Amino acid sequence: MEIASVEKTMTEKQQSAGTVKGHRMKPVLAACLLLFVLGGAAALVVLRTRQPDPQRSDTEVPLGVEQAVIVRYSGPRLKAQPYRRGASVNLRIADQVQKGRVRVYDIRYVISLPGEFDLTKYLTSTDGQPIDDLPPFPVRGLTSLTKDIETRIQEIEKVGVTIGHRYYESLAGLGIFWAAWLAGLIFVGRPKLPPLPPPPPRQPSRLEEIDRLLAALARGELTIDDKSRLEALLLSHWREQLGLSGQRMADSCRRIEASRELGAVYRTLQGWLHNPGARVSSEEFVNSYASRIRRGLPS
């Protein structure tokens, strides 16, 4: 019975100790949970209110050499100030990409004068909003190339990069091709020129024409038109011989008829052509003209 009472007493003590321990653990757990919540809230506040770290770049850059910098900004959209000739700093936005709430800008800038400058002073917003929260980006212009750039230039010079272009060979080949193309264009498939027309026959002189008509008259082949032409040629020729070209035709005919050298031939011509009653035949006129020539008189 004593053993049973001892075991009962120990059991009661253990239950009482467990109950006390359970009551003590509850405040501890509540305090841990409260600290966890407060810590998370504090971390969230810190992350939201923390200012971004200033964006750094190579602060020493040579004058007149374009540099590049990447700027991440979640404020209003940025744009470069207009280019100004002779300005200390001129920059441009080469590219921009939206990544979530942040816009990434690829900014290229050139420093023209020695000194220290803040690149953010040469940026503005597209809608006119202030960009005071944009962290500064200081740079310093140097009057000589930096050591790194000089080293890179020397390395490039030592490599001796050459590009095979064969400029003169290509130029000569193009010239030969052009000359061959031009020669083919001029000579190949070109139609032959038609032969030149023969020169016009020489016009017979007045005396040759008179002789031709007289020969046709002797053969009996002279037409009425040929007779009129023969008379006109003879009168023109005789007027020229006697110097009567400037006189009227009637006066010239009277002077020819009165001429000692040409009067007989003229009367024979008029009798044959215009006076049938004179009974002068064509043979008589031809013989009269021919005998005159045989006597050595002007034709």
# chains A, B, ... in the order shown; residues from 1 in each chain; ligands from 1
call {"tool": "select_by_dssp", "arguments": {"residues": "region 52-266 of chain A", "states": "alpha helix (DSSP H)", "output": "count of residues only"}}
result
79
call {"tool": "residues_around", "arguments": {"residues": "Thr268 (chain A)", "least_positions_apart": "3", "cutoff": "8 Å", "atoms": "only C-alpha atoms", "output": "ChimeraX atom specification"}}
result
/A:264-265,271-272,280,284-285,288
call {"tool": "atom_distance", "arguments": {"atom1": "CA of Leu182 (chain A)", "atom2": "CA of Pro194 (chain A)"}}
result
23.3 Å
call {"tool": "closest_residue", "arguments": {"among": "A:Leu171, A:Val61, A:Leu244, A:Leu113", "to": "Val89 (chain A)", "atoms": "only C-alpha atoms"}}
result
A:Leu113
call {"tool": "residues_around", "arguments": {"residues": "Val110 (chain A)", "least_positions_apart": "5", "cutoff": "6 Å", "atoms": "only C-alpha atoms", "output": "PyMOL selection string"}}
result
chain A and resi 64-66+89-90
call {"tool": "write_last_selection", "arguments": {"atoms": "all heavy atoms", "output": "tab-separated table (two decimals), in the first residue's frame"}}
result
chain	number	residue	atom	x	y	z
A	64	GLY	N	37.68	63.63	-75.50
A	64	GLY	CA	37.38	63.35	-76.90
A	64	GLY	C	37.15	61.90	-77.24
A	64	GLY	O	36.96	61.58	-78.41
A	65	VAL	N	37.20	60.99	-76.27
A	65	VAL	CA	37.00	59.56	-76.51
A	65	VAL	C	35.64	59.17	-75.93
A	65	VAL	O	35.37	59.41	-74.75
A	65	VAL	CB	38.12	58.72	-75.89
A	65	VAL	CG1	37.88	57.23	-76.15
A	65	VAL	CG2	39.46	59.15	-76.43
A	66	GLU	N	34.78	58.59	-76.76
A	66	GLU	CA	33.44	58.22	-76.30
A	66	GLU	C	33.52	57.07	-75.30
A	66	GLU	O	34.21	56.07	-75.53
A	66	GLU	CB	32.55	57.84	-77.48
A	66	GLU	CG	31.11	57.60	-77.07
A	66	GLU	CD	30.22	57.24	-78.26
A	66	GLU	OE1	30.49	56.20	-78.88
A	66	GLU	OE2	29.28	57.99	-78.54
A	89	VAL	N	30.52	68.41	-71.62
A	89	VAL	CA	30.10	67.01	-71.75
A	89	VAL	C	28.93	66.95	-72.73
A	89	VAL	O	28.00	67.76	-72.63
A	89	VAL	CB	29.69	66.41	-70.39
A	89	VAL	CG1	29.21	64.97	-70.57
A	89	VAL	CG2	30.84	66.47	-69.40
A	90	ASN	N	28.99	66.03	-73.64
A	90	ASN	CA	27.87	65.73	-74.53
A	90	ASN	C	27.60	64.24	-74.45
A	90	ASN	O	28.55	63.43	-74.55
A	90	ASN	CB	28.19	66.13	-75.98
A	90	ASN	CG	27.99	67.60	-76.22
A	90	ASN	OD1	26.90	68.13	-76.08
A	90	ASN	ND2	29.08	68.29	-76.56
call {"tool": "residues_around", "arguments": {"residues": "Glu231 (chain A)", "least_positions_apart": "6", "cutoff": "9 Å", "atoms": "only C-alpha atoms", "output": "PDB file with C-alpha atoms, in the first residue's frame"}}
result
ATOM      1  CA  LEU A 269      16.530  78.460-186.128  1.00  0.00           C
ATOM      2  CA  GLN A 270      13.520  80.774-186.192  1.00  0.00           C
ATOM      3  CA  LEU A 273      10.713  76.363-185.419  1.00  0.00           C
TER       4      LEU A 273
END
call {"tool": "atom_distance", "arguments": {"atom1": "CA of Thr143 (chain A)", "atom2": "CA of Pro114 (chain A)"}}
result
6.2 Å
call {"tool": "select_by_dssp", "arguments": {"residues": "region 50-296 of chain A", "states": "strand (DSSP E)", "output": "VMD selection string"}}
result
chain A and resid 60 to 62 67 to 73 78 to 80 89 to 99 102 to 111 115 to 118 123 to 125 138 to 142
call {"tool": "residues_around", "arguments": {"residues": "Val104 (chain A)", "least_positions_apart": "2", "cutoff": "10 Å", "atoms": "only C-alpha atoms", "output": "ChimeraX atom specification"}}
result
/A:70-74,95-102,106-107
call {"tool": "residues_around", "arguments": {"residues": "Tyr266 (chain A)", "least_positions_apart": "6", "cutoff": "12 Å", "atoms": "only C-alpha atoms", "output": "ChimeraX atom specification"}}
result
/A:231,234-235,237-239,252-260,272-274,285-286,288-289,292,299
call {"tool": "write_last_selection", "arguments": {"atoms": "N, CA and C atoms", "output": "mmCIF file, in the first residue's frame"}}
result
data_model
loop_
_atom_site.group_PDB
_atom_site.id
_atom_site.type_symbol
_atom_site.label_atom_id
_atom_site.label_comp_id
_atom_site.auth_asym_id
_atom_site.auth_seq_id
_atom_site.Cartn_x
_atom_site.Cartn_y
_atom_site.Cartn_z
ATOM 1 N N GLU A 231 15.946 75.515 -178.132
ATOM 2 C CA GLU A 231 15.902 76.953 -178.461
ATOM 3 C C GLU A 231 16.313 77.782 -177.244
ATOM 4 N N LEU A 234 20.093 77.609 -176.740
ATOM 5 C CA LEU A 234 20.854 78.351 -177.742
ATOM 6 C C LEU A 234 20.759 79.858 -177.507
ATOM 7 N N LEU A 235 19.546 80.354 -177.201
ATOM 8 C CA LEU A 235 19.392 81.796 -176.962
ATOM 9 C C LEU A 235 20.175 82.222 -175.724
ATOM 10 N N HIS A 237 22.847 80.797 -174.518
ATOM 11 C CA HIS A 237 24.282 80.734 -174.831
ATOM 12 C C HIS A 237 24.705 81.920 -175.691
ATOM 13 N N TRP A 238 23.898 82.275 -176.683
ATOM 14 C CA TRP A 238 24.260 83.386 -177.574
ATOM 15 C C TRP A 238 24.184 84.724 -176.837
ATOM 16 N N ARG A 239 23.206 84.895 -175.972
ATOM 17 C CA ARG A 239 23.120 86.139 -175.202
ATOM 18 C C ARG A 239 24.376 86.313 -174.326
ATOM 19 N N SER A 252 17.370 91.353 -176.916
ATOM 20 C CA SER A 252 18.486 90.427 -177.151
ATOM 21 C C SER A 252 18.305 89.685 -178.462
ATOM 22 N N CYS A 253 17.072 89.265 -178.779
ATOM 23 C CA CYS A 253 16.837 88.541 -180.029
ATOM 24 C C CYS A 253 17.128 89.438 -181.245
ATOM 25 N N ARG A 254 16.745 90.721 -181.160
ATOM 26 C CA ARG A 254 17.039 91.626 -182.274
ATOM 27 C C ARG A 254 18.535 91.826 -182.439
ATOM 28 N N ARG A 255 19.246 91.932 -181.325
ATOM 29 C CA ARG A 255 20.694 92.096 -181.420
ATOM 30 C C ARG A 255 21.361 90.842 -181.968
ATOM 31 N N ILE A 256 20.869 89.655 -181.609
ATOM 32 C CA ILE A 256 21.447 88.402 -182.127
ATOM 33 C C ILE A 256 21.186 88.293 -183.635
ATOM 34 N N GLU A 257 19.955 88.651 -184.028
ATOM 35 C CA GLU A 257 19.627 88.571 -185.453
ATOM 36 C C GLU A 257 20.466 89.534 -186.278
ATOM 37 N N ALA A 258 20.794 90.692 -185.703
ATOM 38 C CA ALA A 258 21.592 91.671 -186.431
ATOM 39 C C ALA A 258 23.087 91.370 -186.355
ATOM 40 N N SER A 259 23.462 90.373 -185.568
ATOM 41 C CA SER A 259 24.879 90.057 -185.408
ATOM 42 C C SER A 259 25.424 89.419 -186.675
ATOM 43 N N ARG A 260 26.636 89.799 -187.055
ATOM 44 C CA ARG A 260 27.256 89.257 -188.263
ATOM 45 C C ARG A 260 27.644 87.802 -188.056
ATOM 46 N N TRP A 272 12.968 77.433 -188.886
ATOM 47 C CA TRP A 272 12.661 76.004 -188.671
ATOM 48 C C TRP A 272 11.581 75.820 -187.601
ATOM 49 N N LEU A 273 11.630 76.576 -186.537
ATOM 50 C CA LEU A 273 10.713 76.363 -185.419
ATOM 51 C C LEU A 273 9.405 77.153 -185.552
ATOM 52 N N HIS A 274 9.452 78.383 -186.051
ATOM 53 C CA HIS A 274 8.291 79.256 -185.934
ATOM 54 C C HIS A 274 7.728 79.745 -187.288
ATOM 55 N N PHE A 285 19.010 73.355 -190.487
ATOM 56 C CA PHE A 285 19.467 74.031 -189.260
ATOM 57 C C PHE A 285 20.696 73.351 -188.683
ATOM 58 N N VAL A 286 20.678 71.998 -188.678
ATOM 59 C CA VAL A 286 21.832 71.276 -188.132
ATOM 60 C C VAL A 286 23.065 71.541 -188.978
ATOM 61 N N SER A 288 23.652 74.196 -190.816
ATOM 62 C CA SER A 288 24.074 75.584 -190.620
ATOM 63 C C SER A 288 24.859 75.719 -189.315
ATOM 64 N N TYR A 289 24.402 75.076 -188.300
ATOM 65 C CA TYR A 289 25.099 75.171 -186.989
ATOM 66 C C TYR A 289 26.447 74.452 -187.057
ATOM 67 N N ARG A 292 29.061 76.354 -189.111
ATOM 68 C CA ARG A 292 29.560 77.498 -188.326
ATOM 69 C C ARG A 292 30.661 77.053 -187.388
ATOM 70 N N SER A 299 30.359 78.624 -180.916
ATOM 71 C CA SER A 299 29.146 77.859 -181.054
ATOM 72 C C SER A 299 27.991 78.580 -180.437
#
